[in-house]
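Undergrad: The file below is work05.cif, mmCIF, C-alpha atoms:
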data_model
loop_
_atom_site.label_atom_id
_atom_site.label_comp_id
_atom_site.auth_asym_id
_atom_site.auth_seq_id
_atom_site.Cartn_x
_atom_site.Cartn_y
_atom_site.Cartn_z
CA PHE A 1 0.00 0.00 0.00
CA GLU A 2 1.46 3.31 -1.07
CA PHE A 3 0.16 6.58 0.31
CA GLU A 4 0.06 9.30 -2.29
CA ILE A 5 0.05 12.93 -1.17
CA PRO A 6 -2.55 14.88 -3.16
CA ALA A 7 -1.39 17.75 -5.38
CA GLY A 8 -1.08 21.00 -3.47
CA TYR A 9 -0.38 19.26 -0.14
CA THR A 10 2.92 18.55 1.57
CA ASN A 11 4.02 15.85 3.98
CA ARG A 12 4.12 17.39 7.47
CA GLY A 13 6.09 14.56 9.03
CA LYS A 14 5.35 11.18 10.49
CA VAL A 15 3.44 10.31 13.61
CA GLY A 16 4.47 6.98 15.07
CA ALA A 17 2.15 4.27 16.29
CA ILE A 18 0.87 4.59 19.83
CA LYS A 19 2.96 2.54 22.24
CA GLY A 20 1.85 1.57 25.71
CA ASP A 21 5.23 0.91 27.29
CA GLU A 22 7.18 2.64 30.04
CA GLU A 23 9.95 4.06 27.86
CA SER A 24 7.50 5.61 25.40
CA ALA A 25 5.40 6.97 28.27
CA LEU A 26 8.43 8.75 29.75
CA ILE A 27 9.30 10.23 26.36
CA GLY A 28 5.71 11.46 26.02
CA LEU A 29 5.83 13.13 29.44
CA LYS A 30 9.18 14.74 28.62
CA ASN A 31 7.81 16.06 25.33
CA PHE A 32 4.69 17.40 27.03
CA ALA A 33 6.83 19.29 29.54
CA SER A 34 8.91 20.80 26.74
CA PHE A 35 5.76 22.27 25.17
CA SER A 36 4.11 23.39 28.40
CA ASP A 37 6.78 25.41 30.20
CA GLY A 38 7.88 22.55 32.42
CA ARG A 39 4.52 21.11 33.46
CA TYR A 40 3.08 17.66 33.09
CA PRO A 41 -0.56 17.01 32.18
CA SER A 42 -2.81 17.32 35.21
CA THR A 43 -4.26 13.89 34.43
CA LEU A 44 -3.20 11.19 32.02
CA THR A 45 -6.15 11.27 29.70
CA VAL A 46 -5.63 12.21 26.07
CA VAL A 47 -8.45 14.78 26.10
CA THR A 48 -7.03 16.58 29.14
CA ALA A 49 -3.45 16.50 27.88
CA ILE A 50 -4.30 17.85 24.43
CA ASN A 51 -6.60 20.51 25.89
CA GLU A 52 -3.83 21.65 28.25
CA LEU A 53 -1.40 21.96 25.33
CA GLU A 54 -3.80 23.66 22.92
CA GLY A 55 -3.02 27.24 23.93
CA LYS A 56 0.75 26.73 23.77
CA LEU A 57 0.52 25.04 20.38
CA ASN A 58 -1.71 27.78 18.96
CA LEU A 59 0.75 30.40 20.18
CA ARG A 60 3.67 28.58 18.53
CA ARG A 61 1.66 28.24 15.33
CA LYS A 62 0.95 32.00 15.29
CA GLU A 63 4.62 32.78 15.96
CA GLY A 64 5.67 30.41 13.20
CA SER A 65 7.80 28.36 15.59
CA LEU A 66 5.77 25.13 15.36
CA THR A 67 7.82 22.70 13.29
CA ASP A 68 6.80 19.62 11.33
CA GLY A 69 8.55 17.38 13.86
CA ASP A 70 6.56 18.89 16.71
CA LEU A 71 3.41 16.99 15.74
CA GLY A 72 5.00 13.66 16.56
CA LYS A 73 6.25 15.01 19.87
CA VAL A 74 2.79 16.30 20.77
CA MET A 75 1.18 13.02 19.83
CA SER A 76 3.69 11.08 21.94
CA ILE A 77 1.76 12.09 25.05
CA GLN A 78 -0.77 9.47 23.97
CA ASN A 79 1.86 6.87 24.85
CA ALA A 80 1.86 8.00 28.47
CA CYS A 81 -1.95 8.03 28.56
CA THR A 82 -2.15 4.56 26.99
CA PHE A 83 0.46 3.14 29.35
CA TYR A 84 -1.28 4.56 32.42
CA ALA A 85 -4.71 3.35 31.26
CA GLU A 86 -3.31 -0.14 30.81
CA LEU A 87 -1.82 -0.10 34.32
CA LYS A 88 -5.21 0.91 35.71
CA LYS A 89 -6.96 -1.77 33.66
CA GLN A 90 -4.56 -4.39 35.02
CA ASP A 91 -5.31 -3.21 38.59
CA ARG A 92 -1.62 -2.38 39.27
CA ASP A 93 -2.41 0.19 41.99
CA ALA A 94 -1.27 2.94 39.62
CA ALA A 95 -1.31 6.59 40.67
CA TYR A 96 -0.34 9.76 38.83
CA TYR A 97 0.33 13.17 40.43
CA GLY A 98 0.95 15.45 37.45
CA ASP A 99 -1.35 18.13 38.82
CA ASP A 100 1.09 18.64 41.68
CA VAL A 101 4.53 17.38 40.53
CA GLY A 102 6.75 18.92 37.85
CA PRO A 103 10.14 18.22 36.26
CA ARG A 104 12.04 20.09 38.99
CA ASP A 105 10.53 17.89 41.70
CA PHE A 106 13.35 15.34 41.52
CA ASP A 107 12.47 13.77 44.87
CA ARG A 108 8.68 13.61 44.46
CA VAL A 109 6.61 10.80 43.00
CA LEU A 110 5.05 11.69 39.65
CA MET A 111 3.68 8.23 38.89
CA ARG A 112 3.84 4.76 40.38
CA TRP A 113 2.50 1.24 39.92
CA ARG A 114 2.80 -2.15 41.56
CA LEU A 115 5.13 -4.70 39.98
CA ASP A 116 4.55 -8.46 39.83
CA ASP A 117 6.88 -9.05 42.79
CA GLY A 118 4.94 -6.66 45.07
CA ARG A 119 7.41 -3.80 44.85
CA TYR A 120 6.49 -0.52 43.16
CA ARG A 121 7.97 1.19 40.15
CA VAL A 122 8.27 4.91 40.90
CA VAL A 123 8.72 7.69 38.36
CA TYR A 124 10.01 10.86 39.99
CA GLY A 125 9.33 14.38 38.77
CA ASP A 126 12.62 14.45 36.86
CA LEU A 127 11.52 11.18 35.15
CA ARG A 128 14.06 9.03 36.96
CA THR A 129 12.71 5.59 37.83
CA GLU A 130 13.29 3.34 40.80
CA ASP A 131 11.80 0.12 42.15
CA VAL A 132 10.92 0.45 45.83
CA SER A 133 9.24 -1.54 48.58
CA GLU A 134 5.70 -0.71 49.64
CA SER A 135 6.99 0.83 52.88
CA ARG A 136 9.49 3.01 50.98
CA LEU A 137 6.69 4.11 48.63
CA LYS A 138 4.55 5.14 51.59
CA ALA A 139 7.44 7.19 52.98
CA LEU A 140 7.99 8.88 49.60
CA GLU A 141 4.30 9.72 49.18
CA GLU A 142 3.96 10.97 52.77
CA ARG A 143 6.60 13.63 52.09
CA ASP A 144 4.42 15.02 49.34
#
With the file now loaded, output its structure as structure tokens.
TA:
Amino acid sequence: FEFEIPAGYTNRGKVGAIKGDEESALIGLKNFASFSDGRYPSTLTVVTAINELEGKLNLRRKEGSLTDGDLGKVMSIQNACTFYAELKKQDRDAAYYGDDVGPRDFDRVLMRWRLDDGRYRVVYGDLRTEDVSESRLKALEERD
């Protein structure tokens, strides 16, 4: 199957397939923060994330600073939303704190979920990850 671009139109770049894995989710969150002055989406739903970016994207478009490659970066936030939705669906005790945690909050929990061995995977505000015990997770979340 070959896609043919109609006359008078140009290719604006490629948007990759949605991926529901941890690495892609972290890339999506990083890209979101780069477009939103260092904030993460308040919730990990596609509608909320896109709505929260809309003003920034419109401003960039008006300024002429929105590039063809930016579309893929914007759409990558779907990876984080898909990953989080899957964790919730699997009943992994997932939580997300983007309404309160930003990239400079290196010691605060942005997102977490339970692993198969009972420990928790923690994503900090600076997008570092760590596997911790349930008691360590409670201590980290109590500081917030």
Undergrad: A:Gly118, A:Gly69, A:Gly28, A:Gly38: which is nearest Ile50 (chain A), counting all atoms listed in the file?
TA: A:Gly28
Undergrad: Write out as a ChimeraX atom specification which residues come within 12 Å of region 51-65 of chain A when counting only C-alpha atoms, dropping same-chain ones fewer than 2 positions away.
TA: /A:31-49,67-71,73-75,77,99
Undergrad: In Å to one decimal, how far is CA of Ala139 (chain A) from CA of Gln90 (chain A)?
TA: 24.5 Å
Undergrad: Name the closest residue to Val109 (chain A) among the candidates A:Glu134, A:Asp91, A:Glu23, A:Asp126; distances are taken between atoms, counting only C-alpha atoms.
TA: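 Closest to Val109 (chain A) of all the choices is A:Asp126.
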Undergrad: What is the distance between CA of Gly98 (chain A) and CA of Ala85 (chain A), in Å to one decimal?
TA: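 Taking CA of Gly98 (chain A) and CA of Ala85 (chain A), their separation equals 14.7 Å.
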